[in-house]
Structure formats: structure tokens, C-alpha cells
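Everything below belongs to model22.txt, which stores compact mmCIF, N, CA, C and O atoms.
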```
# COMPACT_ATOMS: atom_id res chain seq x y z
N GLN X 5 0.82 -1.20 0.00
CA GLN X 5 0.00 0.00 0.00
C GLN X 5 0.86 1.25 0.00
O GLN X 5 0.47 2.27 -0.57
N LEU X 6 2.02 1.17 0.61
CA LEU X 6 2.90 2.32 0.65
C LEU X 6 3.43 2.65 -0.75
O LEU X 6 3.41 3.81 -1.16
N TYR X 7 3.88 1.63 -1.48
CA TYR X 7 4.36 1.86 -2.85
C TYR X 7 3.24 2.37 -3.75
O TYR X 7 3.46 3.23 -4.61
N GLU X 8 2.06 1.85 -3.53
CA GLU X 8 0.92 2.28 -4.33
C GLU X 8 0.60 3.75 -4.07
O GLU X 8 0.38 4.53 -5.01
N SER X 9 0.60 4.15 -2.83
CA SER X 9 0.29 5.55 -2.50
C SER X 9 1.39 6.48 -3.01
O SER X 9 1.09 7.59 -3.49
N ILE X 10 2.63 6.06 -2.95
CA ILE X 10 3.73 6.90 -3.46
C ILE X 10 3.61 7.04 -4.97
O ILE X 10 3.76 8.15 -5.51
N SER X 11 3.31 5.96 -5.67
CA SER X 11 3.19 6.05 -7.13
C SER X 11 2.01 6.93 -7.52
O SER X 11 2.11 7.72 -8.47
N TYR X 12 0.90 6.84 -6.80
CA TYR X 12 -0.25 7.68 -7.12
C TYR X 12 0.04 9.15 -6.85
O TYR X 12 -0.41 10.02 -7.58
N MET X 13 0.81 9.44 -5.81
CA MET X 13 1.17 10.83 -5.52
C MET X 13 2.09 11.38 -6.62
O MET X 13 1.92 12.52 -7.05
N LEU X 14 3.03 10.58 -7.09
CA LEU X 14 3.90 11.02 -8.18
C LEU X 14 3.12 11.25 -9.47
O LEU X 14 3.39 12.20 -10.21
N ILE X 15 2.17 10.38 -9.74
CA ILE X 15 1.33 10.55 -10.93
C ILE X 15 0.52 11.83 -10.81
O ILE X 15 0.40 12.60 -11.77
N PHE X 16 -0.04 12.10 -9.62
CA PHE X 16 -0.79 13.33 -9.41
C PHE X 16 0.09 14.55 -9.65
O PHE X 16 -0.32 15.49 -10.35
N LEU X 17 1.29 14.56 -9.09
CA LEU X 17 2.19 15.71 -9.26
C LEU X 17 2.55 15.90 -10.73
O LEU X 17 2.58 17.03 -11.23
N TYR X 18 2.81 14.81 -11.45
CA TYR X 18 3.13 14.90 -12.87
C TYR X 18 1.97 15.51 -13.65
O TYR X 18 2.17 16.44 -14.46
N LEU X 19 0.76 15.01 -13.42
CA LEU X 19 -0.40 15.52 -14.15
C LEU X 19 -0.72 16.96 -13.78
O LEU X 19 -1.11 17.76 -14.64
N PHE X 20 -0.52 17.31 -12.53
CA PHE X 20 -0.78 18.68 -12.09
C PHE X 20 0.20 19.65 -12.74
O PHE X 20 -0.18 20.74 -13.17
N ILE X 21 1.47 19.25 -12.84
CA ILE X 21 2.47 20.10 -13.49
C ILE X 21 2.15 20.26 -14.97
O ILE X 21 2.24 21.36 -15.52
N ILE X 22 1.77 19.17 -15.62
CA ILE X 22 1.38 19.25 -17.04
C ILE X 22 0.20 20.20 -17.21
O ILE X 22 0.16 21.01 -18.14
N TYR X 23 -0.78 20.12 -16.32
CA TYR X 23 -1.94 21.00 -16.40
C TYR X 23 -1.54 22.45 -16.21
O TYR X 23 -1.99 23.32 -16.96
N LEU X 24 -0.71 22.74 -15.22
CA LEU X 24 -0.33 24.12 -14.95
C LEU X 24 0.48 24.73 -16.10
O LEU X 24 0.33 25.91 -16.41
N ARG X 25 1.31 23.94 -16.73
CA ARG X 25 2.15 24.45 -17.83
C ARG X 25 1.36 24.67 -19.11
O ARG X 25 1.73 25.51 -19.93
N ASN X 26 0.30 23.92 -19.33
CA ASN X 26 -0.42 23.96 -20.61
C ASN X 26 -1.90 24.26 -20.45
O ASN X 26 -2.71 23.73 -21.20
N LYS X 27 -2.28 25.10 -19.50
CA LYS X 27 -3.71 25.37 -19.25
C LYS X 27 -4.45 25.80 -20.50
O LYS X 27 -5.52 25.28 -20.81
N GLU X 28 -3.89 26.76 -21.22
CA GLU X 28 -4.60 27.35 -22.35
C GLU X 28 -4.62 26.45 -23.57
O GLU X 28 -5.56 26.45 -24.34
N ASN X 29 -3.56 25.69 -23.80
CA ASN X 29 -3.43 24.91 -25.04
C ASN X 29 -3.56 23.42 -24.82
O ASN X 29 -3.08 22.63 -25.63
N LEU X 30 -4.20 23.00 -23.76
CA LEU X 30 -4.32 21.58 -23.43
C LEU X 30 -5.51 20.98 -24.17
O LEU X 30 -6.64 21.36 -23.94
N PRO X 31 -5.24 20.03 -25.07
CA PRO X 31 -6.35 19.40 -25.81
C PRO X 31 -7.25 18.57 -24.88
O PRO X 31 -6.79 18.03 -23.88
N SER X 32 -8.48 18.46 -25.26
CA SER X 32 -9.44 17.69 -24.48
C SER X 32 -9.06 16.22 -24.49
O SER X 32 -8.76 15.65 -25.53
N GLY X 33 -9.05 15.60 -23.32
CA GLY X 33 -8.75 14.19 -23.19
C GLY X 33 -7.32 13.86 -22.86
O GLY X 33 -7.02 12.71 -22.53
N ARG X 34 -6.41 14.83 -22.93
CA ARG X 34 -5.00 14.53 -22.68
C ARG X 34 -4.75 14.14 -21.23
O ARG X 34 -4.12 13.13 -20.95
N ILE X 35 -5.25 14.93 -20.29
CA ILE X 35 -5.04 14.63 -18.87
C ILE X 35 -5.79 13.36 -18.47
O ILE X 35 -5.26 12.52 -17.75
N PHE X 36 -7.02 13.21 -18.96
CA PHE X 36 -7.81 12.02 -18.64
C PHE X 36 -7.13 10.75 -19.15
O PHE X 36 -7.03 9.75 -18.43
N GLY X 37 -6.68 10.78 -20.38
CA GLY X 37 -6.00 9.63 -20.95
C GLY X 37 -4.71 9.30 -20.23
O GLY X 37 -4.41 8.12 -19.97
N ALA X 38 -3.95 10.33 -19.90
CA ALA X 38 -2.70 10.11 -19.17
C ALA X 38 -3.00 9.56 -17.78
O ALA X 38 -2.28 8.67 -17.29
N PHE X 39 -4.04 10.06 -17.14
CA PHE X 39 -4.42 9.58 -15.81
C PHE X 39 -4.75 8.09 -15.83
O PHE X 39 -4.22 7.30 -15.05
N LEU X 40 -5.65 7.70 -16.74
CA LEU X 40 -6.04 6.29 -16.81
C LEU X 40 -4.85 5.40 -17.13
O LEU X 40 -4.65 4.35 -16.50
N THR X 41 -4.04 5.81 -18.09
CA THR X 41 -2.91 4.99 -18.49
C THR X 41 -1.90 4.84 -17.36
O THR X 41 -1.47 3.73 -17.04
N LEU X 42 -1.53 5.94 -16.73
CA LEU X 42 -0.50 5.89 -15.69
C LEU X 42 -0.96 5.19 -14.42
O LEU X 42 -0.23 4.38 -13.85
N VAL X 43 -2.18 5.47 -13.97
CA VAL X 43 -2.66 4.87 -12.73
C VAL X 43 -2.82 3.37 -12.88
O VAL X 43 -2.37 2.59 -12.03
N PHE X 44 -3.44 2.94 -13.95
CA PHE X 44 -3.67 1.52 -14.09
C PHE X 44 -2.42 0.76 -14.54
O PHE X 44 -2.28 -0.43 -14.25
N PHE X 45 -1.48 1.43 -15.18
CA PHE X 45 -0.19 0.80 -15.46
C PHE X 45 0.58 0.60 -14.16
O PHE X 45 1.20 -0.45 -13.94
N ALA X 46 0.54 1.60 -13.28
CA ALA X 46 1.18 1.45 -11.97
C ALA X 46 0.54 0.32 -11.19
O ALA X 46 1.24 -0.48 -10.55
N ARG X 47 -0.77 0.23 -11.23
CA ARG X 47 -1.46 -0.86 -10.54
C ARG X 47 -1.06 -2.20 -11.14
O ARG X 47 -0.86 -3.17 -10.41
N PHE X 48 -0.95 -2.26 -12.45
CA PHE X 48 -0.56 -3.50 -13.13
C PHE X 48 0.81 -3.96 -12.64
O PHE X 48 1.01 -5.14 -12.32
N ILE X 49 1.76 -3.05 -12.56
CA ILE X 49 3.11 -3.38 -12.12
C ILE X 49 3.12 -3.77 -10.64
O ILE X 49 3.76 -4.75 -10.25
N LEU X 50 2.43 -3.02 -9.81
CA LEU X 50 2.44 -3.29 -8.37
C LEU X 50 1.73 -4.59 -8.00
O LEU X 50 2.00 -5.16 -6.95
N GLU X 51 0.84 -5.08 -8.86
CA GLU X 51 0.16 -6.34 -8.59
C GLU X 51 1.13 -7.52 -8.58
O GLU X 51 0.83 -8.55 -7.98
N PHE X 52 2.28 -7.39 -9.23
CA PHE X 52 3.27 -8.47 -9.20
C PHE X 52 3.79 -8.70 -7.79
O PHE X 52 4.25 -9.79 -7.46
N TYR X 53 3.78 -7.67 -6.95
CA TYR X 53 4.34 -7.76 -5.60
C TYR X 53 3.30 -8.08 -4.53
O TYR X 53 3.66 -8.25 -3.38
N LYS X 54 2.05 -8.14 -4.90
CA LYS X 54 0.99 -8.45 -3.93
C LYS X 54 0.78 -9.95 -3.83
O LYS X 54 1.07 -10.70 -4.76
N GLU X 55 0.24 -10.36 -2.72
CA GLU X 55 -0.09 -11.76 -2.54
C GLU X 55 -1.42 -12.07 -3.24
O GLU X 55 -2.26 -11.19 -3.40
N GLN X 56 -1.60 -13.34 -3.57
CA GLN X 56 -2.86 -13.74 -4.20
C GLN X 56 -3.99 -13.62 -3.18
O GLN X 56 -3.84 -13.98 -2.03
N GLN X 57 -5.13 -13.11 -3.65
CA GLN X 57 -6.25 -12.89 -2.75
C GLN X 57 -7.17 -14.09 -2.66
O GLN X 57 -7.82 -14.30 -1.65
N THR X 58 -7.25 -14.88 -3.71
CA THR X 58 -8.13 -16.05 -3.71
C THR X 58 -7.38 -17.23 -4.35
O THR X 58 -6.36 -17.05 -5.02
N ASN X 59 -7.92 -18.40 -4.17
CA ASN X 59 -7.34 -19.59 -4.80
C ASN X 59 -7.59 -19.64 -6.30
O ASN X 59 -6.92 -20.38 -7.01
N ILE X 60 -8.56 -18.88 -6.76
CA ILE X 60 -8.87 -18.85 -8.20
C ILE X 60 -7.68 -18.32 -8.99
O ILE X 60 -7.42 -18.76 -10.10
N GLU X 61 -6.93 -17.38 -8.40
CA GLU X 61 -5.80 -16.77 -9.09
C GLU X 61 -4.60 -17.70 -9.21
O GLU X 61 -3.65 -17.39 -9.93
N ALA X 62 -4.60 -18.82 -8.52
CA ALA X 62 -3.42 -19.70 -8.48
C ALA X 62 -3.05 -20.22 -9.87
O ALA X 62 -1.88 -20.33 -10.20
N GLY X 63 -4.02 -20.52 -10.70
CA GLY X 63 -3.74 -21.07 -12.02
C GLY X 63 -3.63 -20.03 -13.12
O GLY X 63 -3.35 -20.37 -14.26
N LEU X 64 -3.84 -18.79 -12.81
CA LEU X 64 -3.83 -17.74 -13.82
C LEU X 64 -2.42 -17.18 -14.02
O LEU X 64 -1.63 -17.11 -13.08
N PRO X 65 -2.09 -16.76 -15.24
CA PRO X 65 -0.76 -16.19 -15.47
C PRO X 65 -0.60 -14.80 -14.85
O PRO X 65 0.51 -14.38 -14.55
N LEU X 66 -1.70 -14.08 -14.67
CA LEU X 66 -1.69 -12.75 -14.06
C LEU X 66 -2.66 -12.71 -12.90
O LEU X 66 -3.57 -13.53 -12.81
N HIS X 67 -2.48 -11.74 -12.03
CA HIS X 67 -3.43 -11.56 -10.93
C HIS X 67 -4.72 -10.95 -11.47
O HIS X 67 -4.75 -10.36 -12.56
N MET X 68 -5.78 -11.04 -10.72
CA MET X 68 -7.08 -10.52 -11.15
C MET X 68 -7.00 -9.00 -11.35
O MET X 68 -7.59 -8.46 -12.29
N GLY X 69 -6.28 -8.31 -10.48
CA GLY X 69 -6.13 -6.85 -10.63
C GLY X 69 -5.45 -6.46 -11.93
O GLY X 69 -5.74 -5.42 -12.50
N GLN X 70 -4.55 -7.31 -12.40
CA GLN X 70 -3.88 -7.03 -13.67
C GLN X 70 -4.83 -7.21 -14.84
O GLN X 70 -4.83 -6.42 -15.78
N PHE X 71 -5.63 -8.27 -14.78
CA PHE X 71 -6.63 -8.46 -15.84
C PHE X 71 -7.63 -7.30 -15.87
O PHE X 71 -8.04 -6.86 -16.94
N LEU X 72 -8.00 -6.79 -14.71
CA LEU X 72 -8.95 -5.68 -14.65
C LEU X 72 -8.33 -4.36 -15.05
O LEU X 72 -9.03 -3.42 -15.43
N SER X 73 -7.01 -4.24 -14.98
CA SER X 73 -6.32 -3.00 -15.34
C SER X 73 -6.13 -2.85 -16.85
O SER X 73 -6.07 -1.73 -17.36
N ILE X 74 -6.04 -3.96 -17.55
CA ILE X 74 -5.74 -3.91 -18.99
C ILE X 74 -6.76 -3.09 -19.79
O ILE X 74 -6.36 -2.25 -20.61
N PRO X 75 -8.08 -3.26 -19.59
CA PRO X 75 -9.02 -2.43 -20.37
C PRO X 75 -8.87 -0.94 -20.09
O PRO X 75 -8.97 -0.12 -21.01
N PHE X 76 -8.58 -0.57 -18.84
CA PHE X 76 -8.44 0.85 -18.52
C PHE X 76 -7.16 1.43 -19.10
O PHE X 76 -7.13 2.60 -19.49
N ILE X 77 -6.11 0.63 -19.18
CA ILE X 77 -4.88 1.09 -19.83
C ILE X 77 -5.16 1.36 -21.31
O ILE X 77 -4.75 2.38 -21.85
N LEU X 78 -5.88 0.46 -21.95
CA LEU X 78 -6.20 0.63 -23.38
C LEU X 78 -7.11 1.84 -23.61
O LEU X 78 -6.92 2.59 -24.59
N ILE X 79 -8.09 2.03 -22.75
CA ILE X 79 -8.98 3.21 -22.88
C ILE X 79 -8.18 4.49 -22.69
O ILE X 79 -8.36 5.46 -23.42
N GLY X 80 -7.29 4.49 -21.70
CA GLY X 80 -6.45 5.66 -21.47
C GLY X 80 -5.55 5.96 -22.64
O GLY X 80 -5.39 7.11 -23.04
N LEU X 81 -4.96 4.92 -23.23
CA LEU X 81 -4.12 5.12 -24.42
C LEU X 81 -4.94 5.68 -25.58
O LEU X 81 -4.46 6.52 -26.34
N PHE X 82 -6.18 5.21 -25.73
CA PHE X 82 -7.05 5.73 -26.79
C PHE X 82 -7.25 7.24 -26.65
O PHE X 82 -7.07 7.99 -27.59
N PHE X 83 -7.62 7.68 -25.44
CA PHE X 83 -7.86 9.11 -25.23
C PHE X 83 -6.57 9.92 -25.36
O PHE X 83 -6.58 11.03 -25.88
N TRP X 84 -5.47 9.37 -24.86
CA TRP X 84 -4.20 10.08 -24.89
C TRP X 84 -3.73 10.26 -26.34
O TRP X 84 -3.36 11.35 -26.75
N ILE X 85 -3.77 9.19 -27.13
CA ILE X 85 -3.34 9.27 -28.53
C ILE X 85 -4.29 10.14 -29.33
O ILE X 85 -3.86 10.95 -30.18
N LYS X 86 -5.58 10.03 -29.06
CA LYS X 86 -6.57 10.85 -29.77
C LYS X 86 -6.36 12.33 -29.50
O LYS X 86 -6.56 13.16 -30.38
N SER X 87 -5.90 12.68 -28.31
CA SER X 87 -5.68 14.10 -27.98
C SER X 87 -4.52 14.68 -28.79
O SER X 87 -4.45 15.89 -28.97
N PHE X 88 -3.62 13.85 -29.28
CA PHE X 88 -2.51 14.33 -30.10
C PHE X 88 -2.89 14.43 -31.58
O PHE X 88 -2.28 15.19 -32.33
N THR X 89 -3.87 13.65 -32.01
CA THR X 89 -4.18 13.58 -33.43
C THR X 89 -5.35 14.44 -33.85
O THR X 89 -5.42 14.88 -34.99
N VAL X 90 -6.31 14.69 -32.97
CA VAL X 90 -7.51 15.44 -33.32
C VAL X 90 -7.32 16.92 -33.00
O VAL X 90 -6.82 17.27 -31.94
N LYS X 91 -7.69 17.75 -33.94
CA LYS X 91 -7.62 19.20 -33.71
C LYS X 91 -8.92 19.67 -33.09
O LYS X 91 -9.99 19.47 -33.64
N TYR X 92 -8.82 20.26 -31.91
CA TYR X 92 -10.01 20.73 -31.18
C TYR X 92 -10.15 22.24 -31.35
O TYR X 92 -9.16 22.96 -31.38
N LYS X 93 -11.37 22.68 -31.44
CA LYS X 93 -11.64 24.13 -31.48
C LYS X 93 -11.67 24.63 -30.05
O LYS X 93 -12.43 24.13 -29.23
N GLN X 94 -10.88 25.60 -29.77
CA GLN X 94 -10.81 26.14 -28.40
C GLN X 94 -11.63 27.41 -28.30
O GLN X 94 -11.69 28.22 -29.09
```
For this file, produce the structure as C-alpha cells.
Amino acid sequence: QLYESISYMLIFLYLFIIYLRNKENLPSGRIFGAFLTLVFFARFILEFYKEQQTNIEAGLPLHMGQFLSIPFILIGLFFWIKSFTVKYKQ
């Protein structure tokens, strides 16, 4: 839990700095996509160090939290990449 909280605090500081530097020219979806990608990627990595919560996970190649993180990482990448390619009217 300590590593998880430290990683989330670093992600918050990174996103906050990005927001402060680019308030006026920040495309829609950039912060949201970066948030989803970074938070759930951190969760995916940190799940390797956690103990298994149920016996169901014993036969699986990944923990349940990792399986649940993959769709959110992909959604975050979609929004993040889309914010670089689509021109928004400000």
C-alpha cells in the first residue's frame, strides 16, 4: 500500500504540473487519458508484488487486478493518442 500511494502521488504531481504548464493549449482528453494509463499501469506493475487474494488466481498467469487493469490502460491510451491527433476548437 505504501508503494501504491507513493506512485499515485507522483502521478498526481506529474499531471498537475502538465496541467499548470499547458492550461490554455491543453487538448481535451489529454489529462484524462494520461491519468487512466499511468494509474492503471502502476497498478498492473504493483500487482506483481501483492499476494494472491483467492485460490482462483493460483492457475492464472496474471493476478485478477492485472486483468482488470488492462481495459483501462487501453482506454487511457485511446484518449491520450486521440488528444494528439484530433484538432479541437478552443
(request) Figure out the distance between CA of Phe44 (chain X) and atom C of Leu24 (chain X), please, to one decimal in Å. (result)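 The value is 23.7 Å.
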(message) I want to know what sits within 8 Å of Gly33 (chain X), based on only C-alpha atoms, with residues of the same chain fewer than 5 positions away left out; could you give that as a list in words?
(response)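 Neighbouring residues, sequence-local ones excluded: Phe83, Trp84, Lys86 and Ser87 of chain X.
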Any chance you can output those residues with N, CA, C and O atoms as a PDB file, in the coordinates of the input?
```
ATOM      1  N   PHE X  83      -7.620   7.680 -25.440  1.00  0.00           N
ATOM      2  CA  PHE X  83      -7.860   9.110 -25.230  1.00  0.00           C
ATOM      3  C   PHE X  83      -6.570   9.920 -25.360  1.00  0.00           C
ATOM      4  O   PHE X  83      -6.580  11.030 -25.880  1.00  0.00           O
ATOM      5  N   TRP X  84      -5.470   9.370 -24.860  1.00  0.00           N
ATOM      6  CA  TRP X  84      -4.200  10.080 -24.890  1.00  0.00           C
ATOM      7  C   TRP X  84      -3.730  10.260 -26.340  1.00  0.00           C
ATOM      8  O   TRP X  84      -3.360  11.350 -26.750  1.00  0.00           O
ATOM      9  N   LYS X  86      -5.580  10.030 -29.060  1.00  0.00           N
ATOM     10  CA  LYS X  86      -6.570  10.850 -29.770  1.00  0.00           C
ATOM     11  C   LYS X  86      -6.360  12.330 -29.500  1.00  0.00           C
ATOM     12  O   LYS X  86      -6.560  13.160 -30.380  1.00  0.00           O
ATOM     13  N   SER X  87      -5.900  12.680 -28.310  1.00  0.00           N
ATOM     14  CA  SER X  87      -5.680  14.100 -27.980  1.00  0.00           C
ATOM     15  C   SER X  87      -4.520  14.680 -28.790  1.00  0.00           C
ATOM     16  O   SER X  87      -4.450  15.890 -28.970  1.00  0.00           O
TER      17      SER X  87
END
```
(message) With all atoms listed in the file as the counted atoms, please give the residues lying no more than 7 Å from region 10-16 of chain X, apart from itself and same-chain residues fewer than 4 positions off, as number ranges by chain.
(response) X: 5-6, 20-22, 39, 42-43, 46
(message) Let me make sure I understand: among X:Leu50, X:Leu19, X:Ala38, X:Met68, which one has the smallest atom-to-atom distance to Leu81 (chain X) if we use only N, CA, C and O atoms?
(response)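 The closest residue to Leu81 (chain X) is X:Ala38.
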(message) Quick check, in Å to one decimal: how far apart do atom O of Val90 (chain X) and atom C of Thr41 (chain X) lie?
(response)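 Separation between atom O of Val90 (chain X) and atom C of Thr41 (chain X): 19.8 Å.
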(request) Choose the residue, out of X:Tyr18, X:Tyr23, X:Tyr7, X:Phe36, that has the smallest atom-to-atom separation from Phe82 (chain X); count only C-alpha atoms. (result) X:Phe36
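Minimum atom-to-atom distances from X:Leu30, X:Ile35, X:Phe45, X:Phe88 to Ile74 (chain X) were compared using all atoms listed in the file, and the lowest value belongs to X:Phe45.
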(message) Taking the DSSP secondary structure from the backbone, can you list the residues of region 16-81 of chain X that are alpha helix (DSSP H), as a PyMOL selection string?
(response) chain X and resi 16-25+34-50+68-81
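Distance-wise, CA of Leu66 (chain X) and atom O of Glu51 (chain X) end up 7.8 Å apart.
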(message) When you count only C-alpha atoms, which of these residues is closest to Phe48 (chain X): X:Leu78, X:Pro65, X:Arg34, X:Leu72?
(response)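 Under the stated criterion, the closest residue is X:Leu72.
With distances taken over only N, CA, C and O atoms, X:Arg47 is the one residue among X:Ile77, X:Thr89, X:Phe71, X:Arg47 lying closest to Glu8 (chain X).
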